[in-house]
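Enquirer: Starting off with a structure, shown below.
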Amino acid sequence: MTAEPDFLNATRSSYDTMAPAYVEFARGELAAKPLERALLSAFAELAAAGGGLPVADVGCGTGRVTAHLHELGLGLDMFGIDLSPRMVAVAREEHPGLRFEEGSMLDLGLPDASLGGLLAWYSTIHVPDEELPRAFGEFHRVLAPGAHVQLGFQVGDELLRFTEAWGMEVSLDFHRRQPERIAELLREAGLEVVSRVWRERETDGPFPERAPQGFVLARRPLAV
């Protein structure tokens, strides 16, 4: 049996610790970010055209984005997957009508070609560089031909390490990456890049940002 990478245990433990505080911190975030909502709506429309297959929010956290996509009224069969059991418990409590499961993006435990869409919204940021190709390969595996994956992440070249959050001890790495690098790795995993969006950080409002934000949309090629 292959040993679990150390970062998974550290990330899981950190989000288990932060879960009660994080749900209150993130509440209302999407309502304050119209550009992000527009990108999510575009992804939802693409997923809705994919034949009714389930759509996974991988690294769903509190489930707020999972619920937002579900509530767009496009008939998406949305469900969430998260590494942290306490985050999954919070998501189930906050959104009792939706399905949330524990799991890792390195091994999603889903059948091949079973998803009509996959969202990784600021969840690959905790994955080390050497493990990112494995995650993207797993995304390719579970997506149906023609289905899309939407990524959101912070733009940059640095690694940030946090040992404290809201007065609690954590051990979290945040990897900032360039959209061009993300696109390159997606292509290497067999996915077609559809669009890359890069925007400056917002320094005011209720959710100021520390870095520019990047968004890459890709899809699994149609079978030939």
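Chains: A, B, ... in order of the structure tokens. Residues: from 1 per chain. Ligands: from 1, in order shown.
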As a PyMOL selection string, please: every residue in chain A that DSSP puts in strand (DSSP E or B).
Expert: chain A and resi 55-58+78-82+99-102+104+107+115-121+143-154+159-165+168-175+192-199+213-219
Enquirer: Could you name the residues that touch Leu143 (chain A) at 10 Å or less, counting only C-alpha atoms, but leaving out those on the same chain fewer than 4 positions away, as a PyMOL selection string?
Expert: chain A and resi 53-56+110-118+138-139+147-149+191+219-221
Enquirer: How many Å lie between CA of Ala165 (chain A) and CA of Phe136 (chain A), rounded to one decimal?
Expert: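 We find that CA of Ala165 (chain A) and CA of Phe136 (chain A) lie 28.6 Å from each other.
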Enquirer: Could you give me, as a tab-separated table, a per-residue list for region 65-161 of chain A showing, wherever an atom lies at most 10 Å from an atom of region 35-39 of chain A, the closest pair of atoms and their distance in Å to one decimal, using only C-alpha atoms and sorting by chain then residue number from low to high?
Expert:
```
residue	atom	partner	partner_atom	distance
A:Val65	CA	A:Arg37	CA	9.4
A:His68	CA	A:Arg37	CA	8.8
A:Leu69	CA	A:Arg37	CA	9.3
A:Gln150	CA	A:Leu39	CA	8.8
A:Gly152	CA	A:Glu36	CA	9.1
```
Enquirer: With C-alpha atoms retained, export the selected residues as a PDB file, in the first residue's frame.
Expert:
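In the end it all went to selection.pdb:
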```
ATOM      1  CA  VAL A  65     -19.509  27.100  -4.129  1.00  0.00           C
ATOM      2  CA  HIS A  68     -23.998  28.252  -5.482  1.00  0.00           C
ATOM      3  CA  LEU A  69     -23.668  26.153  -8.637  1.00  0.00           C
ATOM      4  CA  GLN A 150     -12.353  24.914 -13.986  1.00  0.00           C
ATOM      5  CA  GLY A 152      -9.073  28.987  -9.535  1.00  0.00           C
TER       6      GLY A 152
END
```
Enquirer: Let's see if you can do this: from backbone DSSP, list all alpha helix (DSSP H) residues in region 65-193 of chain A, as a ChimeraX atom specification.
Expert: /A:65-70,85-94,132-142,179-188
Enquirer: Dump N, CA and C atoms for the selected residues as an mmCIF file, in the first residue's frame?
Expert:
```
data_model
loop_
_atom_site.group_PDB
_atom_site.id
_atom_site.type_symbol
_atom_site.label_atom_id
_atom_site.label_comp_id
_atom_site.auth_asym_id
_atom_site.auth_seq_id
_atom_site.Cartn_x
_atom_site.Cartn_y
_atom_site.Cartn_z
ATOM 1 N N VAL A 65 -19.517 27.013 -2.669
ATOM 2 C CA VAL A 65 -19.509 27.100 -4.129
ATOM 3 C C VAL A 65 -20.320 25.957 -4.721
ATOM 4 N N THR A 66 -20.249 24.790 -4.112
ATOM 5 C CA THR A 66 -21.095 23.668 -4.538
ATOM 6 C C THR A 66 -22.555 24.103 -4.538
ATOM 7 N N ALA A 67 -22.982 24.712 -3.443
ATOM 8 C CA ALA A 67 -24.376 25.145 -3.319
ATOM 9 C C ALA A 67 -24.698 26.250 -4.311
ATOM 10 N N HIS A 68 -23.763 27.176 -4.524
ATOM 11 C CA HIS A 68 -23.998 28.252 -5.482
ATOM 12 C C HIS A 68 -24.267 27.693 -6.878
ATOM 13 N N LEU A 69 -23.468 26.735 -7.310
ATOM 14 C CA LEU A 69 -23.668 26.153 -8.637
ATOM 15 C C LEU A 69 -24.995 25.401 -8.705
ATOM 16 N N HIS A 70 -25.327 24.703 -7.647
ATOM 17 C CA HIS A 70 -26.603 23.991 -7.594
ATOM 18 C C HIS A 70 -27.785 24.957 -7.705
ATOM 19 N N PRO A 85 -12.471 15.818 7.116
ATOM 20 C CA PRO A 85 -13.750 15.332 7.634
ATOM 21 C C PRO A 85 -14.585 16.419 8.301
ATOM 22 N N ARG A 86 -13.946 17.349 9.011
ATOM 23 C CA ARG A 86 -14.711 18.395 9.686
ATOM 24 C C ARG A 86 -15.273 19.399 8.686
ATOM 25 N N MET A 87 -14.548 19.657 7.600
ATOM 26 C CA MET A 87 -15.104 20.511 6.551
ATOM 27 C C MET A 87 -16.303 19.831 5.893
ATOM 28 N N VAL A 88 -16.203 18.545 5.652
ATOM 29 C CA VAL A 88 -17.330 17.804 5.089
ATOM 30 C C VAL A 88 -18.530 17.873 6.026
ATOM 31 N N ALA A 89 -18.293 17.734 7.327
ATOM 32 C CA ALA A 89 -19.389 17.821 8.295
ATOM 33 C C ALA A 89 -20.034 19.203 8.273
ATOM 34 N N VAL A 90 -19.201 20.251 8.175
ATOM 35 C CA VAL A 90 -19.725 21.615 8.084
ATOM 36 C C VAL A 90 -20.555 21.785 6.815
ATOM 37 N N ALA A 91 -20.047 21.283 5.691
ATOM 38 C CA ALA A 91 -20.764 21.407 4.423
ATOM 39 C C ALA A 91 -22.116 20.709 4.489
ATOM 40 N N ARG A 92 -22.160 19.533 5.080
ATOM 41 C CA ARG A 92 -23.426 18.806 5.205
ATOM 42 C C ARG A 92 -24.413 19.563 6.086
ATOM 43 N N GLU A 93 -23.898 20.198 7.137
ATOM 44 C CA GLU A 93 -24.763 20.960 8.036
ATOM 45 C C GLU A 93 -25.274 22.235 7.362
ATOM 46 N N GLU A 94 -24.384 22.906 6.614
ATOM 47 C CA GLU A 94 -24.759 24.150 5.947
ATOM 48 C C GLU A 94 -25.682 23.916 4.754
ATOM 49 N N LEU A 132 1.247 17.788 -8.523
ATOM 50 C CA LEU A 132 0.209 18.397 -9.362
ATOM 51 C C LEU A 132 -0.067 17.583 -10.632
ATOM 52 N N PRO A 133 0.952 17.038 -11.330
ATOM 53 C CA PRO A 133 0.635 16.198 -12.495
ATOM 54 C C PRO A 133 -0.246 15.000 -12.146
ATOM 55 N N ARG A 134 -0.036 14.435 -10.974
ATOM 56 C CA ARG A 134 -0.883 13.313 -10.549
ATOM 57 C C ARG A 134 -2.336 13.755 -10.367
ATOM 58 N N ALA A 135 -2.533 14.916 -9.760
ATOM 59 C CA ALA A 135 -3.892 15.431 -9.580
ATOM 60 C C ALA A 135 -4.561 15.704 -10.923
ATOM 61 N N PHE A 136 -3.841 16.336 -11.837
ATOM 62 C CA PHE A 136 -4.423 16.644 -13.138
ATOM 63 C C PHE A 136 -4.683 15.377 -13.947
ATOM 64 N N GLY A 137 -3.835 14.371 -13.781
ATOM 65 C CA GLY A 137 -4.100 13.087 -14.418
ATOM 66 C C GLY A 137 -5.369 12.442 -13.885
ATOM 67 N N GLU A 138 -5.619 12.604 -12.588
ATOM 68 C CA GLU A 138 -6.850 12.090 -11.990
ATOM 69 C C GLU A 138 -8.060 12.867 -12.498
ATOM 70 N N PHE A 139 -7.925 14.168 -12.678
ATOM 71 C CA PHE A 139 -9.017 14.956 -13.258
ATOM 72 C C PHE A 139 -9.361 14.441 -14.659
ATOM 73 N N HIS A 140 -8.334 14.222 -15.459
ATOM 74 C CA HIS A 140 -8.547 13.702 -16.818
ATOM 75 C C HIS A 140 -9.267 12.358 -16.773
ATOM 76 N N ARG A 141 -8.859 11.505 -15.858
ATOM 77 C CA ARG A 141 -9.440 10.157 -15.788
ATOM 78 C C ARG A 141 -10.934 10.186 -15.512
ATOM 79 N N VAL A 142 -11.356 11.034 -14.565
ATOM 80 C CA VAL A 142 -12.761 10.986 -14.133
ATOM 81 C C VAL A 142 -13.687 11.823 -15.011
ATOM 82 N N PRO A 179 -0.550 31.189 -14.582
ATOM 83 C CA PRO A 179 -1.536 30.517 -15.435
ATOM 84 C C PRO A 179 -0.894 29.725 -16.567
ATOM 85 N N GLU A 180 0.205 30.229 -17.126
ATOM 86 C CA GLU A 180 0.870 29.512 -18.212
ATOM 87 C C GLU A 180 1.376 28.147 -17.743
ATOM 88 N N ARG A 181 1.885 28.080 -16.505
ATOM 89 C CA ARG A 181 2.375 26.812 -15.969
ATOM 90 C C ARG A 181 1.226 25.846 -15.714
ATOM 91 N N ILE A 182 0.129 26.349 -15.164
ATOM 92 C CA ILE A 182 -1.042 25.506 -14.952
ATOM 93 C C ILE A 182 -1.538 24.956 -16.285
ATOM 94 N N ALA A 183 -1.620 25.809 -17.296
ATOM 95 C CA ALA A 183 -2.076 25.376 -18.618
ATOM 96 C C ALA A 183 -1.155 24.299 -19.188
ATOM 97 N N GLU A 184 0.137 24.471 -19.010
ATOM 98 C CA GLU A 184 1.098 23.498 -19.519
ATOM 99 C C GLU A 184 0.905 22.132 -18.863
ATOM 100 N N LEU A 185 0.714 22.119 -17.547
ATOM 101 C CA LEU A 185 0.526 20.860 -16.840
ATOM 102 C C LEU A 185 -0.790 20.190 -17.214
ATOM 103 N N LEU A 186 -1.826 20.980 -17.436
ATOM 104 C CA LEU A 186 -3.101 20.411 -17.875
ATOM 105 C C LEU A 186 -2.952 19.750 -19.242
ATOM 106 N N ARG A 187 -2.243 20.411 -20.132
ATOM 107 C CA ARG A 187 -2.014 19.818 -21.457
ATOM 108 C C ARG A 187 -1.227 18.520 -21.337
ATOM 109 N N GLU A 188 -0.220 18.504 -20.483
ATOM 110 C CA GLU A 188 0.572 17.296 -20.291
ATOM 111 C C GLU A 188 -0.269 16.148 -19.734
#
```
Enquirer: Could you work out how far CA of Gly63 (chain A) lies from CA of Met78 (chain A), giving the answer in Å with one decimal?
Expert: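 Spanning CA of Met78 (chain A) to CA of Gly63 (chain A) is a straight-line distance of 10.3 Å.
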